[in-house]
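Dumped structure03.txt below, it's compact mmCIF, C-alpha atoms:
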# COMPACT_ATOMS: atom_id res chain seq x y z
CA MET A 1 -1.72 -3.85 20.06
CA THR A 2 -2.75 -0.43 21.21
CA SER A 3 -5.49 1.52 19.52
CA ASP A 4 -2.80 3.62 17.82
CA THR A 5 -1.45 0.65 15.90
CA ALA A 6 -4.57 -1.45 15.31
CA PRO A 7 -5.42 -1.94 11.63
CA HIS A 8 -8.41 0.07 10.46
CA ARG A 9 -11.00 -2.27 8.90
CA PRO A 10 -14.25 -0.31 8.44
CA ASP A 11 -17.76 -1.61 8.88
CA SER A 12 -20.67 -0.69 6.65
CA ALA A 13 -21.60 2.46 8.57
CA ALA A 14 -18.10 3.80 9.07
CA ARG A 15 -17.01 4.63 5.55
CA SER A 16 -18.96 7.87 5.15
CA HIS A 17 -18.78 9.16 8.72
CA THR A 18 -15.20 8.80 9.97
CA PRO A 19 -12.63 11.57 9.40
CA PRO A 20 -10.16 10.77 6.63
CA ARG A 21 -6.99 8.95 7.61
CA ILE A 22 -3.84 10.68 6.38
CA GLY A 23 -0.64 8.93 5.38
CA ILE A 24 2.59 10.26 3.94
CA LYS A 25 4.96 8.78 1.37
CA LEU A 26 8.49 9.52 0.29
CA ALA A 27 9.65 7.39 -2.62
CA PRO A 28 13.18 6.10 -1.99
CA GLN A 29 14.57 7.47 -5.25
CA HIS A 30 16.58 10.65 -5.90
CA THR A 31 16.85 11.11 -2.14
CA THR A 32 19.07 10.27 0.82
CA VAL A 33 18.78 7.97 3.80
CA ALA A 34 18.91 11.06 6.03
CA ALA A 35 15.87 12.54 4.26
CA LEU A 36 14.00 9.24 4.51
CA ARG A 37 14.70 9.02 8.23
CA GLY A 38 13.60 12.61 8.68
CA VAL A 39 10.24 11.99 7.00
CA TRP A 40 9.70 8.80 9.04
CA GLN A 41 10.35 10.78 12.23
CA VAL A 42 7.86 13.48 11.26
CA ALA A 43 5.28 10.84 10.36
CA ASP A 44 5.70 9.10 13.69
CA GLU A 45 5.78 12.14 15.92
CA ALA A 46 3.28 14.43 14.17
CA GLY A 47 0.41 11.94 14.18
CA PHE A 48 0.16 10.66 10.61
CA ASP A 49 -1.76 7.42 10.34
CA SER A 50 0.68 5.74 7.98
CA CYS A 51 4.08 6.16 6.33
CA TRP A 52 5.02 4.61 2.98
CA ASN A 53 7.79 3.95 0.49
CA PHE A 54 7.72 2.19 -2.90
CA ASP A 55 9.13 -0.94 -4.56
CA HIS A 56 11.30 -0.33 -7.62
CA PHE A 57 14.79 -1.25 -8.80
CA ALA A 58 15.17 1.53 -11.38
CA SER A 59 14.01 5.09 -11.03
CA ILE A 60 10.58 5.94 -12.43
CA GLY A 61 8.79 9.09 -13.53
CA SER A 62 11.20 10.10 -16.30
CA ASP A 63 12.88 8.68 -19.39
CA ASP A 64 16.09 8.06 -17.43
CA PRO A 65 15.90 4.99 -15.16
CA SER A 66 19.48 5.31 -13.90
CA GLY A 67 18.86 7.46 -10.83
CA ASP A 68 19.60 6.26 -7.30
CA VAL A 69 16.92 3.97 -5.83
CA PHE A 70 16.93 2.23 -2.44
CA GLU A 71 15.25 -1.16 -2.01
CA GLY A 72 11.79 -0.87 -0.45
CA TRP A 73 11.57 -3.88 1.86
CA SER A 74 15.00 -3.33 3.39
CA LEU A 75 13.79 0.18 4.16
CA LEU A 76 10.58 -1.16 5.70
CA ALA A 77 12.62 -3.12 8.23
CA ALA A 78 14.45 0.09 9.08
CA MET A 79 11.15 1.97 9.28
CA ALA A 80 9.87 -0.63 11.72
CA GLU A 81 12.80 0.06 14.03
CA GLY A 82 12.91 3.81 13.40
CA THR A 83 9.30 4.48 14.37
CA ARG A 84 7.10 3.56 17.32
CA ARG A 85 3.49 4.49 16.50
CA VAL A 86 2.79 5.11 12.80
CA ARG A 87 1.74 2.24 10.55
CA ILE A 88 4.19 1.47 7.74
CA GLY A 89 3.96 0.01 4.26
CA CYS A 90 5.21 -0.24 0.70
CA MET A 91 2.90 1.36 -1.87
CA VAL A 92 2.92 -1.11 -3.54
CA THR A 93 5.12 -4.19 -3.73
CA GLY A 94 5.70 -5.53 -7.24
CA ASN A 95 4.52 -9.13 -7.04
CA THR A 96 6.77 -10.34 -9.85
CA TYR A 97 9.99 -9.35 -8.09
CA ARG A 98 9.83 -12.03 -5.38
CA HIS A 99 8.32 -15.47 -4.87
CA PRO A 100 5.19 -15.07 -2.69
CA GLY A 101 6.59 -17.51 -0.15
CA VAL A 102 9.65 -15.30 0.30
CA LEU A 103 7.51 -12.17 0.38
CA ALA A 104 5.18 -13.65 3.01
CA LYS A 105 8.19 -14.37 5.23
CA MET A 106 9.60 -10.87 4.72
CA ALA A 107 6.27 -9.29 5.61
CA THR A 108 5.94 -11.41 8.75
CA THR A 109 9.41 -10.34 9.84
CA VAL A 110 8.60 -6.64 9.37
CA ASP A 111 5.27 -7.12 11.15
CA HIS A 112 7.13 -8.51 14.18
CA LEU A 113 9.82 -5.81 14.05
CA SER A 114 7.10 -3.13 14.06
CA GLY A 115 4.96 -4.71 16.76
CA GLY A 116 2.09 -5.32 14.32
CA ARG A 117 2.11 -2.05 12.35
CA LEU A 118 2.58 -3.34 8.80
CA GLU A 119 0.18 -2.49 5.98
CA PHE A 120 0.86 -4.96 3.15
CA GLY A 121 0.63 -3.36 -0.30
CA LEU A 122 0.73 -5.58 -3.39
CA GLY A 123 0.33 -5.02 -7.12
CA GLY A 124 0.86 -6.83 -10.39
CA ALA A 125 3.99 -4.76 -11.33
CA TRP A 126 4.28 -2.73 -14.52
CA ALA A 127 7.86 -1.50 -15.09
CA GLU A 128 9.14 -3.60 -17.99
CA VAL A 129 12.65 -2.13 -17.85
CA GLU A 130 13.19 -3.60 -14.38
CA HIS A 131 12.22 -7.07 -15.54
CA THR A 132 14.40 -6.84 -18.63
CA MET A 133 17.52 -5.72 -16.79
CA LEU A 134 17.13 -8.36 -14.05
CA GLY A 135 16.10 -11.21 -16.33
CA LEU A 136 12.69 -11.51 -14.70
CA GLU A 137 9.70 -12.79 -16.63
CA PHE A 138 7.44 -9.87 -17.50
CA GLY A 139 4.71 -11.54 -19.51
CA THR A 140 1.39 -10.08 -20.52
CA VAL A 141 -0.90 -8.04 -18.30
CA ARG A 142 -3.13 -11.10 -17.97
CA GLU A 143 -0.21 -13.29 -16.87
CA ARG A 144 0.93 -10.74 -14.28
CA LEU A 145 -2.58 -10.49 -12.86
CA ASP A 146 -2.88 -14.28 -12.81
CA ARG A 147 0.32 -14.34 -10.76
CA LEU A 148 -1.03 -11.62 -8.47
CA GLU A 149 -4.21 -13.60 -7.76
CA GLU A 150 -2.24 -16.76 -7.03
CA ALA A 151 0.13 -14.81 -4.79
CA CYS A 152 -2.78 -13.45 -2.72
CA GLN A 153 -3.93 -17.02 -2.08
CA VAL A 154 -0.44 -18.29 -1.27
CA ILE A 155 0.42 -15.46 1.11
CA ARG A 156 -2.88 -15.67 3.00
CA SER A 157 -2.42 -19.41 3.42
CA LEU A 158 1.19 -19.09 4.61
CA TRP A 159 0.10 -16.49 7.18
CA THR A 160 -2.74 -18.58 8.58
CA GLN A 161 -2.24 -22.32 7.94
CA PRO A 162 0.22 -24.76 9.54
CA THR A 163 1.44 -25.79 6.07
CA THR A 164 0.60 -24.71 2.53
CA THR A 165 0.30 -26.88 -0.54
CA PHE A 166 -0.61 -24.92 -3.65
CA HIS A 167 -0.43 -26.09 -7.25
CA GLY A 168 -1.15 -23.11 -9.46
CA THR A 169 -0.14 -22.13 -12.95
CA HIS A 170 2.69 -19.90 -11.74
CA TYR A 171 3.48 -21.02 -8.18
CA ARG A 172 3.81 -24.48 -6.67
CA LEU A 173 4.31 -25.10 -2.96
CA THR A 174 4.33 -28.46 -1.19
CA ASP A 175 3.84 -28.64 2.59
CA ALA A 176 5.44 -25.21 2.85
CA LEU A 177 6.17 -23.94 6.35
CA SER A 178 6.06 -20.27 7.32
CA ASN A 179 6.61 -19.75 11.03
CA PRO A 180 6.16 -17.63 13.02
CA LYS A 181 2.85 -16.23 11.87
CA PRO A 182 2.35 -12.44 11.72
CA VAL A 183 1.57 -10.47 14.85
CA GLN A 184 -1.66 -9.25 13.24
CA LYS A 185 -4.37 -11.83 12.76
CA PRO A 186 -5.17 -13.16 10.23
CA GLY A 187 -2.32 -11.07 8.84
CA PRO A 188 -1.36 -7.50 7.96
CA PRO A 189 -4.11 -5.68 6.06
CA LEU A 190 -3.73 -6.39 2.34
CA TRP A 191 -3.80 -3.36 0.04
CA ILE A 192 -4.04 -3.91 -3.71
CA GLY A 193 -2.96 -1.07 -5.95
CA GLY A 194 -4.24 -0.55 -9.46
CA SER A 195 -7.24 0.54 -11.49
CA GLY A 196 -7.91 -2.26 -13.94
CA ARG A 197 -11.68 -2.60 -14.05
CA LYS A 198 -11.97 -6.27 -15.06
CA ARG A 199 -9.21 -8.05 -13.16
CA THR A 200 -7.44 -5.81 -10.65
CA LEU A 201 -10.64 -4.60 -9.02
CA ARG A 202 -12.09 -8.11 -9.00
CA ILE A 203 -8.95 -9.46 -7.28
CA THR A 204 -9.33 -6.56 -4.83
CA ALA A 205 -12.94 -7.53 -4.16
CA LYS A 206 -11.96 -11.13 -3.45
CA TYR A 207 -8.87 -10.69 -1.31
CA ALA A 208 -8.08 -7.13 -0.22
CA ASP A 209 -8.70 -5.05 2.89
CA ALA A 210 -7.94 -1.83 1.00
CA TRP A 211 -7.85 -0.58 -2.57
CA ASN A 212 -5.36 2.11 -3.55
CA ALA A 213 -5.53 4.32 -6.62
CA ALA A 214 -2.29 5.98 -7.68
CA GLY A 215 -4.23 9.17 -8.43
CA GLY A 216 -7.00 10.26 -10.75
CA SER A 217 -9.88 12.68 -10.89
CA VAL A 218 -12.77 12.55 -8.48
CA GLU A 219 -15.04 11.46 -11.30
CA GLU A 220 -12.74 8.64 -12.35
CA LEU A 221 -12.31 7.34 -8.80
CA ALA A 222 -16.05 7.49 -8.14
CA GLU A 223 -16.63 5.37 -11.24
CA LEU A 224 -13.86 2.89 -10.28
CA SER A 225 -15.23 2.63 -6.75
CA ALA A 226 -18.64 1.77 -8.18
CA VAL A 227 -17.01 -0.95 -10.31
CA LEU A 228 -15.37 -2.32 -7.16
CA ASP A 229 -18.75 -2.30 -5.42
CA GLN A 230 -20.19 -4.40 -8.23
CA HIS A 231 -17.33 -6.89 -8.06
CA CYS A 232 -17.94 -7.15 -4.31
CA ALA A 233 -21.59 -7.92 -4.96
CA ASP A 234 -20.61 -10.54 -7.53
CA VAL A 235 -18.30 -12.37 -5.10
CA GLY A 236 -20.60 -11.95 -2.08
CA ARG A 237 -18.56 -9.42 -0.13
CA ASP A 238 -19.66 -6.27 1.71
CA PRO A 239 -18.18 -3.34 -0.27
CA ALA A 240 -17.72 -1.38 2.95
CA ALA A 241 -15.20 -3.98 4.11
CA ILE A 242 -12.68 -2.58 1.62
CA ARG A 243 -11.05 0.75 2.42
CA ARG A 244 -10.93 3.19 -0.50
CA THR A 245 -7.61 5.06 -0.63
CA VAL A 246 -5.78 7.36 -3.02
CA GLN A 247 -2.34 8.89 -3.44
CA VAL A 248 -2.17 12.69 -3.83
CA ARG A 249 1.00 14.42 -5.04
CA TYR A 250 1.92 17.35 -2.81
CA ALA A 251 3.47 20.35 -4.55
CA ASP A 252 3.82 22.62 -1.49
CA GLN A 253 0.31 24.00 -2.02
CA PRO A 254 -1.59 23.47 1.26
CA GLU A 255 -4.95 24.78 0.06
CA GLU A 256 -4.86 22.56 -3.03
CA LEU A 257 -4.27 19.55 -0.81
CA LEU A 258 -7.18 20.45 1.46
CA THR A 259 -9.46 20.90 -1.54
CA ALA A 260 -8.41 17.56 -3.02
CA VAL A 261 -8.94 15.64 0.23
CA GLU A 262 -12.36 17.21 0.71
CA ALA A 263 -13.38 16.27 -2.83
CA TYR A 264 -12.21 12.67 -2.40
CA ALA A 265 -13.95 12.40 0.97
CA ARG A 266 -17.27 13.28 -0.68
CA ILE A 267 -17.07 10.13 -2.81
CA GLY A 268 -16.12 7.84 0.09
CA ILE A 269 -12.33 7.87 -0.14
CA GLY A 270 -11.44 7.35 3.51
CA GLU A 271 -7.66 7.50 3.37
CA VAL A 272 -5.29 9.79 1.50
CA ILE A 273 -1.57 9.14 1.10
CA VAL A 274 0.26 12.44 0.58
CA VAL A 275 3.18 11.87 -1.79
CA LEU A 276 6.13 14.21 -1.26
CA ARG A 277 7.96 15.35 -4.37
CA GLY A 278 11.32 17.09 -4.81
CA GLY A 279 12.70 20.00 -2.84
CA ASP A 280 13.10 19.44 0.89
CA PRO A 281 10.91 16.43 1.77
CA VAL A 282 11.32 16.85 5.53
CA ALA A 283 10.16 20.47 5.38
CA SER A 284 7.24 19.42 3.16
CA ALA A 285 6.31 16.66 5.62
CA GLU A 286 6.34 19.20 8.46
CA GLU A 287 4.13 21.52 6.40
CA VAL A 288 1.59 18.75 5.80
CA ALA A 289 1.78 17.83 9.49
CA ARG A 290 0.62 21.33 10.39
CA LEU A 291 -2.43 20.72 8.20
CA LEU A 292 -3.45 17.51 9.97
CA PRO A 293 -6.10 19.11 12.22
CA ARG A 294 -7.77 20.72 9.19
CA LEU A 295 -7.47 17.56 7.12
CA ARG A 296 -9.04 15.47 9.87
CA SER A 297 -11.92 17.93 10.25
CA ILE A 298 -13.05 17.08 6.71
CA GLY A 299 -16.13 14.90 6.55

Any chance you could put this one into structure tokens?
Amino acid sequence: MTSDTAPHRPDSAARSHTPPRIGIKLAPQHTTVAALRGVWQVADEAGFDSCWNFDHFASIGSDDPSGDVFEGWSLLAAMAEGTRRVRIGCMVTGNTYRHPGVLAKMATTVDHLSGGRLEFGLGGAWAEVEHTMLGLEFGTVRERLDRLEEACQVIRSLWTQPTTTFHGTHYRLTDALSNPKPVQKPGPPLWIGGSGRKRTLRITAKYADAWNAAGGSVEELAELSAVLDQHCADVGRDPAAIRRTVQVRYADQPEELLTAVEAYARIGIGEVIVVLRGGDPVASAEEVARLLPRLRSIG
């Protein structure tokens, strides 16, 4: 891998001194394939660090779930072929939608297609309507987080071990094969999305390379980051080993974006994913691209 595509895994000294990394995200709902391709091209050519989609089967963000939605992992394979430099990922994959053995294989395939540029986002899933309409077990929050923790163990093992035998409460594998292994070793960086203080952040402390918050005030994220630090201490992990990241909705207000990134940088958030919303997403991506030198000068 070249330095452009190498995963960013910070050491203890790096978190407060490196310029923020800037990603961009266009959710594959209420949009077109042409717009998605246009944003991917801007992300790749303008110098963004990462480019993201999401993982849903019904539209979100309103009371009407019937809007057009493209499937996230199919798009990731296309993103792998449609870009050459930028890192790509799904922010975040709903764990309950796929068996972790299947998901591990899908991620490995995309990692190979991209030449080792995959960032692997995973979360417990929350959209009950999607589970109901597809006949998927939704369960309680605790059950979904139990499944998420088991999935982290299963996927890591499938990426690194010759065979995997796992007898959990929710998943059972016996001498499972998963070849080839990912390009990245020991696997694509694992991002866990969510803000649950007791379980989600503890799972993050145990297994993740990055934590992503879907938004929130500076004060809230500072408090959550401190909770994550404590979980890291409890499990014997260096807190600086986990990247702190946040999604920021972009409403075509450049100065507001700069102010938000600067505020997050002051509390140790080292990566911001700019979420495009409505209007002309390609034009918005180009506008954010023009801000990249100023954004990277922060910190």

Discussion item. I'd like the neighbourhood of Glu81 (chain A) as number ranges by chain, where a residue qualifies if any of its atoms comes within 10 Å (using all atoms listed in the file), though same-chain residues fewer than 6 positions away should be ignored.
Written reply: A: 75, 110, 113-115

Worksheet item: Taking into account all atoms listed in the file, which residue in the set A:Leu276, A:Asp44, A:Cys90, A:Trp211 is nearest to Thr31 (chain A)?
Response: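 That would be A:Leu276, the residue with the smallest distance to Thr31 (chain A).
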
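Comparing the minimum interatomic distances between Glu119 (chain A) and each of A:Arg199, A:Arg277, A:Arg144, A:Arg87, counting all atoms listed in the file, we find that A:Arg87 sits nearest.
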
Item to complete: Would you kindly identify which residues have an atom no farther than 9 Å from (-0.9, -5.4, -16.2), using only C-alpha atoms and the file's own coordinates, and write them out as a list in words?
Response: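 Those within range, by chain then number, are Gly124, Ala125, Trp126, Gly139, Thr140, Val141, Arg142, Glu143, Arg144, Leu145, Gly194, Gly196 and Thr200 of chain A.
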
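The coordinates place CA of Arg84 (chain A) at 28.1 Å from CA of Cys152 (chain A).
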
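Using only C-alpha atoms, the nearest neighbour of Lys185 (chain A) within the list A:Ala283, A:Leu118, A:Ala226, A:Ile22 is A:Leu118.
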
Worksheet item: From the set A:Pro254, A:Gly193, A:Pro186, A:Pro19, which residue has the shortest atom-to-atom contact distance to Ala285 (chain A), counting only C-alpha atoms?
Response: A:Pro254

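Take CA of Trp191 (chain A) and CA of Asp209 (chain A): the distance between them is 5.9 Å.
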
Worksheet item: What is the distance between CA of Phe120 (chain A) and CA of Gln41 (chain A), in Å to one decimal?
Response: 20.5 Å

Find the nearest atom pair between each residue of region 202-252 of chain A and region 257-275 of chain A for residues within 6 Å, count only C-alpha atoms, give distances in Å to one decimal, sort rows by chain and ascending number, and present the table as CSV.
residue,atom,partner,partner_atom,distance
A:Arg244,CA,A:Ile269,CA,4.9
A:Thr245,CA,A:Glu271,CA,4.7
A:Val246,CA,A:Val272,CA,5.2
A:Gln247,CA,A:Ile273,CA,4.6
A:Val248,CA,A:Val274,CA,5.0
A:Arg249,CA,A:Val275,CA,4.7
A:Tyr250,CA,A:Val275,CA,5.7

Practice prompt. Would you kindly return, as an MDAnalysis selection string, each protein, DNA or RNA residue with an atom no farther than 9 Å from any atom of region 175-181 of chain A, considering only C-alpha atoms and excluding same-chain residues fewer than 3 positions away?
Written response: chainID A and resid 101 104:105 108:109 158:166 184:187

Worksheet entry | Shortest interatomic distance to Leu148 (chain A) - which of A:Glu256, A:Gly121, A:Arg37, A:Pro65, counting only C-alpha atoms |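 Of all the options, A:Gly121 lies closest to Leu148 (chain A).
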
Excluding Asp111 (chain A) and residues on its chain fewer than 5 positions from it, collect all residues at most 7 Å away from it, counting only C-alpha atoms, and give them as a compact mmCIF listing (two decimals) with C-alpha atoms, in the frame of the given file.
# COMPACT_ATOMS: atom_id res chain seq x y z
CA GLY A 116 2.09 -5.32 14.32
CA ARG A 117 2.11 -2.05 12.35
CA LEU A 118 2.58 -3.34 8.80
CA PRO A 182 2.35 -12.44 11.72
CA VAL A 183 1.57 -10.47 14.85

Worksheet entry | Pick from A:Ala78, A:Ala289, A:Ala205, A:Ala34, whichever lies nearest to Ala233 (chain A) using all atoms listed in the file |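 Of A:Ala78, A:Ala289, A:Ala205, A:Ala34, the one nearest Ala233 (chain A), counting all atoms listed in the file, is A:Ala205.
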